[in-house]
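Worksheet: one structure, shown below.
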Amino acid sequence: MADRLAALPVWHNRYLRIALALVACLSLAVVVTAPLDALPQFALAVLALVAALLLRGVSGRLPTVMLVLLSSVMSLRYMYWRITSTLDFQNWIDIIFGYGLLLAELYALSVLLLGYLQTIWPLRRLPVAMPADASTWPSVDILFPTYNESLDVVKQSVLTAVSMDWPADRLNIYVLDDGRRPEFQAFCAEIGVGYIARSDNKSAKAGNLNAALELTSGEFVAVFDCDHIPTRSFLQICLGWFFKDPKLAMLQTPHYFFSPDPFEKNLHTFRSVPNEGELFYGLVQDGNDLWNASFFCGSCAVLRRAPLVEIGGIAVETVTEDAHTALKLNRAGYNTAYLAVPQAAGLATENLSRHIGQRIRWARGMAQIFRVDNPLLGRGLKLSQRMCYLNAMLHFFYGLPRLVFLTAPLAFLFFGAHVFQASALMITLYALPHIIHASLTTSRMQGRFRHSFWNEVYETVLAWYILRPAFLAIVNPKLGGFNVTAKGGALGRSWFDWDMAKPYLILLGLNIAGLCFGAYDLAFAEYDSGGLFTLLINLAWTVYNIIIASASIAVAREERQYRSQPRVTSELPATLRLPGGKTIACQTQDYSATGLGIALPDAGKRLQVGQDLQVSLYRGTDERVFPAKVVFTSPDHVGLRFAPLTLEQQVALAEVTFARADTWAESWGQGTPDTPLRGLRDVTRVGLIGMKQLIAQGGEILRAWIKGASQPRANRPARLDP
């Protein structure tokens, strides 16, 4: 219904739109600024909550729009009341903590409202079919920039690209080797793809791509990080939109990861809780697409060469060259698009330190863009595009506000500071509706791609680390350097990353101390009813902060990663051929570039470890046969390791596994839908795990210290490595 209403021709009347916008703004101003005492405000809050709960049960886009409107009204009413009625501070302590919290809240409200605008109506673009006559299809250069990644990581991506469904005379594949490694050049020569190396590494990845643009000539350029494995259908799914829209300069597809990131691996939430990036690729980019503000994300994207050359190639002024390139294309009057169909998959960062390093680069780069090419300034962008880019850049300044929220109640518990100059009752009547409506609305909008309260965990883990580079980039965009995120490899043991966990440990210690102070006051200090209510509010806030800090600590315990080649869970038909001619029909449970997990029927349960066999996999009706050895058996499962494969067999294996068009799309956005209570329960459970792990790690260190102290001095270890 909402789509039909939005398609009515009446909305194309400019004057009607302006008139409706003015009426809406005036009405909103009246509702937001209307002064209400406790009882009327309570009645308004109850009516708004009932309406929100009823709307949550109704499907469609229009109820979502109404929820956004309700949430915006309650949040703006809170902020108007906050600014006009709670800032009558009486001393410097109140002023410092009070205005610090207010600034953090203004930031959070700005990001919330910009996020609503950005994602209120996801475009949900569908693929456009290619012309039936393949002779009209354009030439495409596929570029794999690489620097220090291992050949094993890069090889699988190239092997899969070779099998892409596109006319061979119009498809050129290049490995761009900024590491200038002979083994890479030899591999490219053996498989028959282009190899480009330059004499320096100026401008890092952007410079690498620009150097390749000067040496290639395809009408279109498809860019992949070297660990991103494209499907055979990638180009046919993406290129259709370029035929339909001659002004389209860039089309981005999701970054899908078949290995868990540090949050998913260390918290055991892989495929059960959406990861940190799913919100961006599942909702934000789709929302950007409505406003013609889709971002280039550096991989899994196609660009039209002519517009790219017109703007001077890939942007080199910032370390987030991808988003900056999209901004330049939009400024030049070209369209950018997003197609939410996973057509490639890659490796997530393996450990927390690498993950944080990657996010530091993103934060620094977006801050650089804000400084050197501010989307609010200059020509070429519509207001909606400016708002989308602004929200993306403001997002990476959450470090300081997040730390403020995690310590704000301590101002009262430690120093008796009153950051709100209002009664606890009025604070509750204005703040609680703002918080509840924001939670209900974001859960409704983001529930497939971000579960409630997990955002606080993600931001807490990163807040301290992105704080300094983001603000330094505003002061001087040239400060800092470029880092490449390492991918691939196994972690040989589980361990606790004390260095990365230091900020969370400090936050946890401060909040536990604050809780103890507050509990002491609750037991022994004398308060009137208002003071007691204020104390209870701050204690509840502190308990919540302890949960979030504890969950962040749980992320710092690095789980052991057994395989250097992560396996993809997938059920594919297979046939085992044993010596002597016996065959067993079965199916895979998972696969990697080096082996298979097979679910066995009764007929195959007598296989022995070390047994050689042939395994067949299928591409439609075509059969591909690979030599393998049994390396593991159980009552209903067998693990196979491939024998050394020829290059032709490696390409064939890629065709029937990683290059399948349905591999990644089947699980996209199919996670458990969110509810705020379930999200709070899950985060609390993880917080308890973090506390348990911290106690266990502390106990191990204490026992090691006691053991070392009891040894004769000559036999003591020189240092204690936890």
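Letters A, B, ... mark the chains of the structure tokens in the order given; residue numbers begin at 1 per chain; ligand numbers begin at 1, in order shown.
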Would you give me, as a Markdown table, each residue of segment 93-172 of chain A having an atom within 10 Å of an atom of segment 290-294 of chain A, along with its shortest atom pair and that distance in Å to one decimal, using only C-alpha atoms and sorting by chain and residue number?
```
| residue | atom | partner | partner_atom | distance |
| --- | --- | --- | --- | --- |
| A:Leu117 | CA | A:Trp291 | CA | 9.8 |
| A:Gln118 | CA | A:Trp291 | CA | 8.0 |
| A:Thr119 | CA | A:Leu290 | CA | 8.7 |
| A:Ile120 | CA | A:Leu290 | CA | 9.5 |
| A:Trp121 | CA | A:Leu290 | CA | 7.1 |
| A:Pro122 | CA | A:Leu290 | CA | 6.3 |
| A:Leu123 | CA | A:Leu290 | CA | 5.0 |
| A:Arg124 | CA | A:Leu290 | CA | 8.6 |
| A:Arg125 | CA | A:Leu290 | CA | 9.1 |
```
Query raised in the report: Could you pull the residues within 10 Å of Ile689 of chain A, counting only C-alpha atoms, minus those fewer than 3 positions along the same chain, as a list in words?
Result: Leu267, Ser550, Ala551, Ile553, Ala554, Val555, Val683, Thr684, Arg685, Val686, Lys692, Gln693, Leu694 and Ile695 of chain A
Report task. Would you please give, as a ChimeraX atom specification, all residues of segment 179-350 of chain A that DSSP assigns to helix (DSSP H, G or I) based on the backbone? Result -> /A:182-191,204-215,234-244,262-267,278-290,305-310,321-331
Query raised in the report: What is the distance, in Å and to one decimal place, between atom CA of Gln358 of chain A and atom CA of Val175 of chain A?
Result: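 Separating atom CA of Gln358 of chain A from atom CA of Val175 of chain A is a distance of 22.4 Å.
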Query - Who sits within 9 Å of Lys605 of chain A, only C-alpha atoms, same chain under 4 positions skipped, as a list in words - result: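 Residues near the query, excluding close chain neighbours: Leu600, Pro601, Thr633, Ser634, Pro635, Asp636, His637 and Val638 of chain A.
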Prev. selection, N, CA and C atoms, output as a short mmCIF file (atom, residue, chain, number, x, y, z; two decimals), in the first residue's frame:
```
data_model
loop_
_atom_site.label_atom_id
_atom_site.label_comp_id
_atom_site.auth_asym_id
_atom_site.auth_seq_id
_atom_site.Cartn_x
_atom_site.Cartn_y
_atom_site.Cartn_z
N LEU A 600 27.56 -38.75 5.31
CA LEU A 600 27.55 -40.11 4.76
C LEU A 600 26.21 -40.81 4.97
N PRO A 601 25.73 -41.51 3.94
CA PRO A 601 24.63 -42.46 4.16
C PRO A 601 25.18 -43.73 4.79
N THR A 633 37.00 -39.46 10.09
CA THR A 633 35.73 -40.18 9.99
C THR A 633 34.98 -40.10 11.31
N SER A 634 33.67 -40.15 11.23
CA SER A 634 32.78 -40.26 12.38
C SER A 634 31.59 -41.09 11.92
N PRO A 635 30.67 -41.45 12.81
CA PRO A 635 29.55 -42.30 12.38
C PRO A 635 28.77 -41.79 11.17
N ASP A 636 28.66 -40.47 11.01
CA ASP A 636 27.85 -39.96 9.89
C ASP A 636 28.56 -38.87 9.09
N HIS A 637 29.88 -38.78 9.23
CA HIS A 637 30.59 -37.70 8.58
C HIS A 637 31.99 -38.17 8.22
N VAL A 638 32.49 -37.67 7.09
CA VAL A 638 33.86 -37.97 6.69
C VAL A 638 34.50 -36.68 6.18
#
```
Report task. Mind checking which residues fall within 12 Å of Leu279 of chain A, counting only C-alpha atoms, ignoring those fewer than 6 positions away in the same chain, and posting them as a ChimeraX atom specification? Result -> /A:115,119,254-256,273,285-287,340,442-443,445-452,454-455,668-669
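The residue that comes closest to Ser592 of chain A, out of A:Pro182, A:Gly399, A:Pro40, A:Gly639 and on the basis of only C-alpha atoms, is A:Gly639.
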Query raised in the report: For Trp92 of chain A, which residue among A:Ala417, A:Met387, A:Ala556, A:Leu36 is the nearest when counting only C-alpha atoms?
Result: A:Ala417
Report task. Please provide as a PyMOL selection string all residues within 12 Å of segment 563-572 of chain A, with the sequence filter that same-chain residues fewer than 6 positions apart are discarded (counting only C-alpha atoms). Result -> chain A and resi 150+152-153+156+227+257-261+265+270-271+345-350+487-493+585-599+616-620+639+641+656-658+660+662-667
With C-alpha atoms retained, write the just-selected residues as a short mmCIF file (atom, residue, chain, number, x, y, z; two decimals), in the first residue's frame.
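Final output, again-v5.cif:
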```
data_model
loop_
_atom_site.label_atom_id
_atom_site.label_comp_id
_atom_site.auth_asym_id
_atom_site.auth_seq_id
_atom_site.Cartn_x
_atom_site.Cartn_y
_atom_site.Cartn_z
CA SER A 150 49.70 -14.72 0.50
CA ASP A 152 46.89 -18.92 -1.36
CA VAL A 153 44.48 -16.08 -0.51
CA GLN A 156 41.15 -18.69 -5.12
CA ASP A 227 40.42 -12.23 -0.94
CA PHE A 257 32.12 -12.88 4.43
CA PHE A 258 32.26 -16.66 4.62
CA SER A 259 34.54 -16.60 7.66
CA PRO A 260 33.62 -15.12 11.06
CA ASP A 261 34.98 -11.76 12.15
CA LYS A 265 34.44 -16.01 16.29
CA PHE A 270 28.54 -16.60 13.57
CA ARG A 271 25.33 -16.68 11.52
CA ALA A 345 32.47 -13.40 -0.66
CA GLY A 346 35.69 -12.83 1.21
CA LEU A 347 37.62 -13.37 4.39
CA ALA A 348 36.80 -11.33 7.48
CA THR A 349 39.59 -10.02 9.70
CA GLU A 350 40.87 -12.89 11.85
CA LYS A 487 43.82 -11.80 5.73
CA GLY A 488 44.31 -15.55 5.88
CA GLY A 489 46.16 -17.78 8.31
CA ALA A 490 45.45 -19.78 11.42
CA LEU A 491 45.69 -18.78 15.07
CA GLY A 492 47.48 -21.62 16.77
CA ARG A 493 46.06 -21.10 20.26
CA ALA A 585 25.84 -40.99 -3.48
CA CYS A 586 26.10 -38.37 -0.74
CA GLN A 587 26.22 -34.63 -0.18
CA THR A 588 28.70 -32.12 1.13
CA GLN A 589 28.40 -30.42 4.50
CA ASP A 590 31.11 -27.86 3.84
CA TYR A 591 33.98 -27.16 1.48
CA SER A 592 37.20 -25.21 1.17
CA ALA A 593 39.95 -24.93 -1.41
CA THR A 594 41.72 -27.89 0.22
CA GLY A 595 38.98 -30.30 1.24
CA LEU A 596 35.38 -31.34 1.79
CA GLY A 597 33.16 -32.38 4.66
CA ILE A 598 30.79 -35.13 3.53
CA ALA A 599 27.55 -36.33 5.14
CA SER A 616 32.58 -35.96 -7.93
CA LEU A 617 30.90 -32.56 -7.69
CA TYR A 618 28.50 -31.11 -10.22
CA ARG A 619 27.84 -27.94 -12.21
CA GLY A 620 24.32 -28.52 -13.49
CA GLY A 639 36.51 -35.35 6.06
CA ARG A 641 41.54 -33.60 1.74
CA VAL A 656 31.47 -26.05 -8.64
CA THR A 657 32.09 -24.46 -5.23
CA PHE A 658 33.01 -20.82 -4.66
CA ARG A 660 28.20 -20.90 -7.61
CA ASP A 662 23.47 -19.32 -5.17
CA THR A 663 26.15 -19.91 -2.54
CA TRP A 664 26.03 -16.54 -0.81
CA ALA A 665 22.53 -15.28 -1.66
CA GLU A 666 20.78 -18.14 0.18
CA SER A 667 21.80 -16.96 3.65
#
```
Query - Residues near Leu49 of chain A, cut-off 8 Å, only C-alpha atoms, skip fewer than 4 positions along chain, as a list in words - result: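 Once the adjacent positions are removed, what remains is Ala45, Leu53, Pro433 and His437 of chain A.
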Requested in this report: May I ask which of the residues A:Phe89, A:Leu70, A:Tyr195, A:Glu623 is the closest one to Ala51 of chain A, counting only C-alpha atoms?
Outcome: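 Checking each candidate against Ala51 of chain A, we get A:Leu70 as the closest.
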Give one line per residue of segment 413-478 of chain A that approaches segment 497-519 of chain A to at most 10 Å, naming the two atoms of the closest pair and their distance in Å to one decimal, counting only C-alpha atoms; sort by chain then ascending residue number and deliver it as CSV.
```
residue,atom,partner,partner_atom,distance
A:Leu413,CA,A:Gly518,CA,5.7
A:Phe414,CA,A:Gly514,CA,6.6
A:Thr460,CA,A:Tyr504,CA,7.7
A:Val461,CA,A:Tyr504,CA,7.3
A:Leu462,CA,A:Pro503,CA,9.6
A:Ala463,CA,A:Pro503,CA,9.1
A:Trp464,CA,A:Pro503,CA,6.7
A:Tyr465,CA,A:Pro503,CA,8.9
```
Report task. Identify, on the basis of only C-alpha atoms, every residue whose closest approach to segment 424-431 of chain A does not exceed 7 Å; exclude the query and any residue fewer than 2 positions from it along the same chain; express the result as a list in words. Result -> Ala38, Gln41, Phe42, Tyr78, Ala422, Pro433, His434, Ile435, Gly530, Phe533 and Thr534 of chain A
Output C-alpha atoms of each residue in that selection to a file, as a tab-separated table (two decimals), in the first residue's frame.
```
chain	number	residue	atom	x	y	z
A	38	ALA	CA	4.21	15.63	34.54
A	41	GLN	CA	3.57	14.32	29.51
A	42	PHE	CA	2.89	10.91	31.05
A	78	TYR	CA	13.16	15.28	24.89
A	422	ALA	CA	15.45	18.58	36.90
A	433	PRO	CA	9.97	7.67	25.77
A	434	HIS	CA	12.90	8.91	23.68
A	435	ILE	CA	14.93	5.78	24.48
A	530	GLY	CA	13.69	12.53	44.62
A	533	PHE	CA	15.08	8.02	42.55
A	534	THR	CA	18.09	9.82	41.05
```
Report task. Would you please work out which residue, of A:Ala643, A:Pro167, A:Phe496, A:Asn13, is nearest to Gly698 of chain A when using only C-alpha atoms? Result ->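 Closest residue, counting only C-alpha atoms: A:Phe496.
Every residue of segment 193-339 of chain A with a DSSP assignment of strand (DSSP E or B), taken from the backbone, is listed as A:Gly194, A:Tyr195, A:Ile196, A:Phe220, A:Val221, A:Ala222, A:Val223, A:Ile229, A:Pro230, A:Leu248, A:Ala249, A:Met250, A:Leu251, A:Gln252, A:Tyr256, A:Phe257, A:Ala301, A:Val302, A:Leu303, A:Arg304, A:Asn335, A:Thr336, A:Ala337, A:Tyr338.
Closest to His324 of chain A among A:Ser157, A:Ser353, A:Thr33, A:Gln368 is A:Gln368, based on only C-alpha atoms.
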Report task. Name the closest residue to Leu76 of chain A among the candidates A:Ile196, A:Leu39, A:Leu44, A:Leu112; distances are taken between atoms, counting only C-alpha atoms. Result ->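 Between A:Ile196, A:Leu39, A:Leu44, A:Leu112, the residue approaching Leu76 of chain A most closely is A:Leu112.
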